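K.L.:
Hey, dropping input.txt in here, compact mmCIF, C-alpha atoms:
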# COMPACT_ATOMS: atom_id res chain seq x y z
CA MET W 267 -108.78 -113.45 -107.77
CA ASN W 268 -108.51 -114.28 -104.07
CA ILE W 269 -110.07 -116.99 -101.91
CA HIS W 270 -112.97 -114.70 -100.93
CA ASP W 271 -113.90 -114.33 -104.60
CA ILE W 272 -114.14 -118.12 -104.85
CA TYR W 273 -116.40 -118.31 -101.80
CA ARG W 274 -118.62 -115.51 -103.07
CA ASN W 275 -119.38 -117.73 -106.07
CA VAL W 276 -119.70 -121.02 -104.17
CA SER W 277 -121.04 -120.29 -100.68
CA PRO W 278 -124.37 -118.44 -101.28
CA SER W 279 -126.32 -121.65 -101.87
CA PHE W 280 -124.87 -123.25 -98.73
CA ARG W 281 -125.54 -120.10 -96.71
CA LYS W 282 -129.13 -119.79 -97.99
CA ARG W 283 -129.84 -123.43 -97.14
CA ARG W 284 -128.37 -122.93 -93.66
CA LEU W 285 -130.34 -119.76 -92.97
CA ASP W 286 -133.54 -121.39 -94.22
CA ARG W 287 -132.91 -124.20 -91.74
CA PHE W 288 -132.23 -121.63 -89.01
CA LEU W 289 -135.54 -119.88 -89.69
CA GLN W 290 -137.40 -123.18 -89.71
CA ALA W 291 -135.79 -124.50 -86.51
CA LEU W 292 -135.89 -121.38 -84.31
CA SER W 293 -138.80 -119.45 -85.87
CA PRO W 294 -137.57 -115.94 -84.93
CA GLN W 295 -140.40 -113.47 -84.36
CA ALA W 296 -140.51 -109.73 -84.98
CA GLU W 297 -140.27 -109.00 -81.25
CA ASP W 298 -137.22 -111.25 -80.75
CA ARG W 299 -133.70 -109.96 -80.19
CA ILE W 300 -130.93 -111.81 -82.03
CA LEU W 301 -127.22 -111.51 -81.28
CA ASP W 302 -124.97 -112.44 -84.20
CA VAL W 303 -121.49 -113.00 -82.77
CA GLY W 304 -118.78 -112.41 -85.37
CA GLY W 305 -121.08 -111.73 -88.31
CA TYR W 306 -121.59 -108.89 -90.78
CA PRO W 307 -124.66 -106.99 -91.99
CA GLY W 308 -124.32 -108.42 -95.49
CA ASP W 309 -124.86 -111.91 -94.09
CA TRP W 310 -128.48 -110.98 -93.37
CA GLN W 311 -129.31 -109.22 -96.61
CA GLY W 312 -132.31 -110.87 -98.26
CA VAL W 313 -133.16 -112.99 -95.21
CA ALA W 314 -136.90 -112.99 -94.45
CA ILE W 315 -136.63 -111.84 -90.86
CA GLU W 316 -138.08 -108.93 -88.88
CA SER W 317 -136.30 -109.56 -85.57
CA ARG W 318 -134.05 -106.93 -84.00
CA LEU W 319 -130.43 -107.82 -84.82
CA THR W 320 -127.32 -106.92 -82.83
CA ILE W 321 -124.18 -107.74 -84.80
CA LEU W 322 -121.08 -108.02 -82.61
CA ASN W 323 -117.65 -108.19 -84.20
CA ILE W 324 -114.17 -107.83 -82.76
CA HIS W 325 -113.40 -105.32 -85.53
CA GLU W 326 -115.09 -102.03 -86.33
CA ILE W 327 -117.41 -102.70 -89.27
CA SER W 328 -116.71 -100.43 -92.22
CA LEU W 329 -118.84 -97.42 -93.05
CA ALA W 330 -119.81 -99.14 -96.31
CA ALA W 331 -121.23 -102.05 -94.35
CA LYS W 332 -123.06 -99.64 -92.03
CA GLY W 333 -124.71 -98.11 -95.04
CA LEU W 334 -126.31 -101.48 -95.74
CA ALA W 335 -127.47 -102.02 -92.20
CA ASP W 336 -129.46 -99.13 -90.77
CA GLN W 337 -131.84 -101.58 -89.10
CA TYR W 338 -129.04 -103.29 -87.18
CA GLU W 339 -127.19 -102.43 -84.00
CA LEU W 340 -123.47 -102.78 -84.71
CA VAL W 341 -121.22 -103.44 -81.70
CA VAL W 342 -117.47 -103.93 -81.29
CA GLY W 343 -116.87 -106.71 -78.76
CA ASP W 344 -115.21 -110.00 -77.90
CA GLY W 345 -117.29 -113.18 -78.17
CA THR W 346 -115.35 -114.77 -75.33
CA LYS W 347 -116.23 -111.88 -72.97
CA LEU W 348 -119.73 -110.68 -73.82
CA ILE W 349 -120.91 -107.56 -72.02
CA TYR W 350 -124.54 -108.67 -71.82
CA ALA W 351 -126.52 -110.07 -68.90
CA ASP W 352 -127.79 -113.66 -68.83
CA LYS W 353 -130.55 -114.41 -71.37
CA THR W 354 -130.45 -110.89 -72.81
CA PHE W 355 -131.15 -112.24 -76.30
CA ASP W 356 -133.87 -114.53 -77.53
CA ILE W 357 -131.39 -116.10 -79.95
CA ALA W 358 -127.59 -116.19 -79.98
CA PHE W 359 -126.31 -116.90 -83.50
CA SER W 360 -122.84 -117.43 -84.91
CA ASN W 361 -121.63 -118.69 -88.28
CA SER W 362 -118.07 -119.98 -88.85
CA VAL W 363 -116.49 -118.01 -86.00
CA ILE W 364 -115.66 -120.34 -83.11
CA GLU W 365 -113.00 -122.17 -85.15
CA HIS W 366 -111.00 -118.92 -85.42
CA LEU W 367 -110.24 -118.67 -81.69
CA GLY W 368 -107.02 -120.65 -81.76
CA THR W 369 -107.27 -122.72 -78.58
CA PHE W 370 -109.84 -125.01 -77.03
CA GLU W 371 -109.82 -122.85 -73.89
CA LYS W 372 -110.95 -119.81 -75.88
CA GLN W 373 -113.53 -121.92 -77.69
CA LYS W 374 -114.88 -123.05 -74.30
CA ALA W 375 -115.12 -119.41 -73.17
CA PHE W 376 -116.98 -118.48 -76.39
CA ALA W 377 -119.40 -121.40 -76.04
CA ALA W 378 -120.08 -120.56 -72.39
CA GLU W 379 -120.81 -116.93 -73.23
CA VAL W 380 -123.22 -117.54 -76.10
CA ARG W 381 -125.01 -120.19 -74.03
CA ARG W 382 -125.26 -117.68 -71.19
CA VAL W 383 -126.65 -114.68 -73.08
CA GLY W 384 -128.95 -116.52 -75.51
CA LYS W 385 -132.20 -118.27 -74.66
CA LYS W 386 -131.96 -120.17 -77.94
CA LEU W 387 -128.77 -121.00 -79.85
CA TRP W 388 -127.62 -121.53 -83.42
CA ILE W 389 -123.82 -121.91 -83.56
CA GLN W 390 -122.28 -123.25 -86.78
CA THR W 391 -118.68 -124.31 -87.46
CA PRO W 392 -116.87 -126.36 -90.13
CA ALA W 393 -116.35 -130.00 -89.16
CA ARG W 394 -112.80 -131.19 -88.63
CA CYS W 395 -113.68 -134.58 -90.14
CA PHE W 396 -114.54 -133.08 -93.56
CA LEU W 397 -111.92 -133.99 -96.14
CA ILE W 398 -111.51 -130.40 -97.42
CA GLU W 399 -110.04 -127.74 -95.14
CA PRO W 400 -112.46 -124.89 -95.96
CA HIS W 401 -110.19 -121.93 -95.26
CA LEU W 402 -107.35 -123.30 -97.38
CA ILE W 403 -109.49 -125.17 -99.94
CA ALA W 404 -107.26 -128.20 -99.83
CA PRO W 405 -107.88 -131.89 -99.12
CA LEU W 406 -106.55 -133.60 -95.99
CA VAL W 407 -103.96 -130.94 -95.08
CA HIS W 408 -105.53 -130.26 -91.66
CA PHE W 409 -105.06 -133.89 -90.61
CA PHE W 410 -101.28 -133.58 -90.64
CA PRO W 411 -99.12 -132.34 -87.75
CA LYS W 412 -98.43 -128.60 -87.86
CA SER W 413 -94.80 -129.27 -88.75
CA ILE W 414 -95.98 -130.81 -92.03
CA GLN W 415 -98.82 -128.32 -92.56
CA ARG W 416 -96.25 -125.50 -92.56
CA ARG W 417 -94.68 -126.99 -95.68
CA LEU W 418 -97.95 -127.89 -97.39
CA ILE W 419 -99.98 -124.70 -96.86
CA ARG W 420 -97.83 -122.46 -99.04
CA HIS W 421 -97.48 -124.79 -102.02
CA CYS W 422 -100.32 -127.34 -101.86
CA THR W 423 -103.46 -125.31 -101.06
CA VAL W 424 -105.61 -122.88 -103.04
CA TRP W 425 -105.12 -120.29 -100.27
CA GLY W 426 -101.34 -120.65 -100.60
CA TRP W 427 -101.38 -120.35 -104.38
CA LEU W 428 -103.54 -117.24 -104.35
CA ARG W 429 -102.22 -115.52 -101.22
CA LYS W 430 -98.55 -116.49 -101.48
CA PRO W 431 -98.29 -116.14 -97.69
CA THR W 432 -95.10 -115.38 -95.85
CA ALA W 433 -93.83 -117.80 -93.22
CA GLN W 434 -95.34 -115.52 -90.56
CA GLN W 435 -98.74 -115.51 -92.26
CA VAL W 436 -98.69 -119.32 -92.29
CA GLU W 437 -97.86 -119.29 -88.57
CA ASP W 438 -100.69 -116.81 -87.95
CA PHE W 439 -103.12 -119.12 -89.73
CA LEU W 440 -101.99 -122.17 -87.77
CA SER W 441 -102.30 -120.31 -84.48
CA GLU W 442 -105.78 -118.96 -85.34
CA VAL W 443 -107.76 -121.77 -86.97
CA ARG W 444 -108.74 -124.79 -84.87
CA LEU W 445 -111.46 -126.99 -86.37
CA LEU W 446 -113.75 -128.85 -83.99
CA SER W 447 -114.73 -132.51 -83.80
CA HIS W 448 -118.22 -133.80 -83.01
CA ARG W 449 -117.04 -134.88 -79.56
CA GLU W 450 -115.73 -131.39 -78.84
CA MET W 451 -118.98 -129.78 -80.02
CA VAL W 452 -120.92 -132.04 -77.64
CA GLU W 453 -118.57 -131.01 -74.83
CA LEU W 454 -118.87 -127.30 -75.65
CA PHE W 455 -122.66 -127.35 -76.07
CA PRO W 456 -123.98 -130.07 -73.73
CA ASP W 457 -127.53 -128.67 -73.69
CA CYS W 458 -127.80 -128.49 -77.49
CA GLU W 459 -128.63 -130.79 -80.36
CA ILE W 460 -125.58 -131.10 -82.62
CA LEU W 461 -126.80 -131.12 -86.21
CA ALA W 462 -124.48 -132.42 -88.96
CA GLU W 463 -124.66 -130.57 -92.27
CA LYS W 464 -123.72 -132.95 -95.08
CA VAL W 465 -122.41 -132.71 -98.63
CA LEU W 466 -122.46 -135.87 -100.77
CA GLY W 467 -123.08 -137.85 -97.60
CA LEU W 468 -120.04 -136.39 -95.80
CA THR W 469 -120.31 -134.15 -92.73
CA LYS W 470 -119.25 -130.66 -93.82
CA SER W 471 -120.10 -128.71 -90.65
CA TYR W 472 -121.82 -128.85 -87.29
CA VAL W 473 -124.56 -126.68 -85.86
CA ALA W 474 -125.29 -126.52 -82.13
CA ILE W 475 -129.04 -125.84 -81.72
CA ARG W 476 -130.94 -125.04 -78.56
CA CYS W 477 -134.62 -124.34 -79.13
Would you write out, as structure tokens, the structure that this file holds?
P.N.:
Amino acid sequence: MNIHDIYRNVSPSFRKRRLDRFLQALSPQAEDRILDVGGYPGDWQGVAIESRLTILNIHEISLAAKGLADQYELVVGDGTKLIYADKTFDIAFSNSVIEHLGTFEKQKAFAAEVRRVGKKLWIQTPARCFLIEPHLIAPLVHFFPKSIQRRLIRHCTVWGWLRKPTAQQVEDFLSEVRLLSHREMVELFPDCEILAEKVLGLTKSYVAIRC
């Protein structure tokens, strides 16, 4: 078992609830164009939507995934440097991507680009204030300085137990994942409502919405 197997069993209910809220808030129509930055075709399987979807990912999506997604346009691209003109898409969408950009400067570039190309926005990211670090499945570890996280990640997180990462893989994780605070989300998306998704009364993630 790996960490993705755990999320395949746990995350579908959260994802369905989030997509239901997306459909209710933005009401995508059949004639709308949606850009999903950093997503995959499987994310949209079973979603009651007829809009035209462009799925942009920094990696080439596998042939197996393409077999599931004949109705989608699949594009290799960088979310911090989108090739599209202003307001090309009726909706710019992204789910749990912006936190993987490593630095606040790159996150600012990503936010500026999706705000530029999308008339409406739905940008979700895990909340830094949540007690569980979602990528590691471990409590509180992300609140410590990186010097302490280096020691904890390998031996005190579910990701560490399952992955048994090398020292370099731990460094790669620390240089890639940067969770965002509410204040930072407001700064990145000043023209959006910042919705807090909650679990047991605690803020689990944020969604920037522009209708």
K.L.:
Write out as number ranges by chain each polymer residue whose atoms come within 8 Å of stretch 370-378 of chain W, counting all atoms listed in the file; drop sequence neighbours fewer than 5 positions from it.
P.N.:
W: 345-347, 364-365, 444, 454-455
K.L.:
Rank W:Leu418, W:Ala351, W:Val443, W:Val363 by their smallest atom-to-atom distance to W:Arg394, using only C-alpha atoms, and report the top residue only.
P.N.:
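For W:Arg394, the nearest of the given residues is W:Val443.
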K.L.:
What is the atom CA of W:Asp298-atom CA of W:Ile315 distance in Å, reported with one decimal?
P.N.:
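Distance reported for this atom pair: 10.1 Å.
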K.L.:
What separation in Å, quoted to one decimal, exists between atom CA of W:Gln337 and atom CA of W:Arg283?
P.N.:
23.4 Å
K.L.:
Pick out the closest residue to W:Leu397 from this set: W:Ile300, W:Leu468, W:Ile460, W:Leu348. Count all atoms listed in the file.
P.N.:
W:Leu468
K.L.:
Take the point (-105.2, -116.3, -84.9) in the file's coordinates, draw a sphere of radius 8 Å around it, and report as a PyMOL selection string every protein, DNA or RNA residue with an atom inside or on it, counting only C-alpha atoms.
P.N.:
chain W and resi 366-368+438-443
K.L.:
Can you write just those residues out, C-alpha atoms, as a tab-separated table (two decimals), in the frame of the given file?
P.N.:
chain	number	residue	atom	x	y	z
W	366	HIS	CA	-111.00	-118.92	-85.42
W	367	LEU	CA	-110.24	-118.67	-81.69
W	368	GLY	CA	-107.02	-120.65	-81.76
W	438	ASP	CA	-100.69	-116.81	-87.95
W	439	PHE	CA	-103.12	-119.12	-89.73
W	440	LEU	CA	-101.99	-122.17	-87.77
W	441	SER	CA	-102.30	-120.31	-84.48
W	442	GLU	CA	-105.78	-118.96	-85.34
W	443	VAL	CA	-107.76	-121.77	-86.97
K.L.:
If you measure from atom CA of W:Phe396 to atom CA of W:Cys422, what distance in Å do you get, rounded to one decimal?
P.N.:
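Distance between the two atoms: 17.4 Å.
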K.L.:
Excluding W:Val452 and its own-chain neighbours fewer than 4 positions away, which residues fall within 12 Å of it when counting only C-alpha atoms? Please give them as a ChimeraX atom specification.
P.N.:
/W:374,377,446-448,456-462,472-475
K.L.:
Let me make sure I understand: among W:Asp352, W:Glu297, W:Glu339, W:Asp344, which one has the smallest atom-to-atom distance to W:Gly384 if we use only C-alpha atoms?
P.N.:
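Of the candidates, the smallest distance to W:Gly384 is held by W:Asp352.
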K.L.:
Got a sec: who's within 9 Å of W:Arg416, counting all atoms listed in the file, leaving out chain neighbours fewer than 4 positions off, as a list of chain:residue names?
P.N.:
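After dropping sequence-adjacent residues, the list is W:Pro411, W:Lys412, W:Arg420, W:Ala433, W:Val436, W:Glu437, W:Leu440.
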K.L.:
Rank W:Gln311, W:Leu445, W:Asp356, W:Tyr306 by their smallest atom-to-atom distance to W:Val342, using all atoms listed in the file, and report the top residue only.
P.N.:
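The answer is W:Tyr306, which sits nearest to W:Val342.
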K.L.:
In the coordinate frame of the file, compute which residues have an atom within 9 Å of (-135.8, -113.6, -91.8) when using all atoms listed in the file, and state them as a ChimeraX atom specification.
P.N.:
/W:285-286,289,293-295,310,312-317
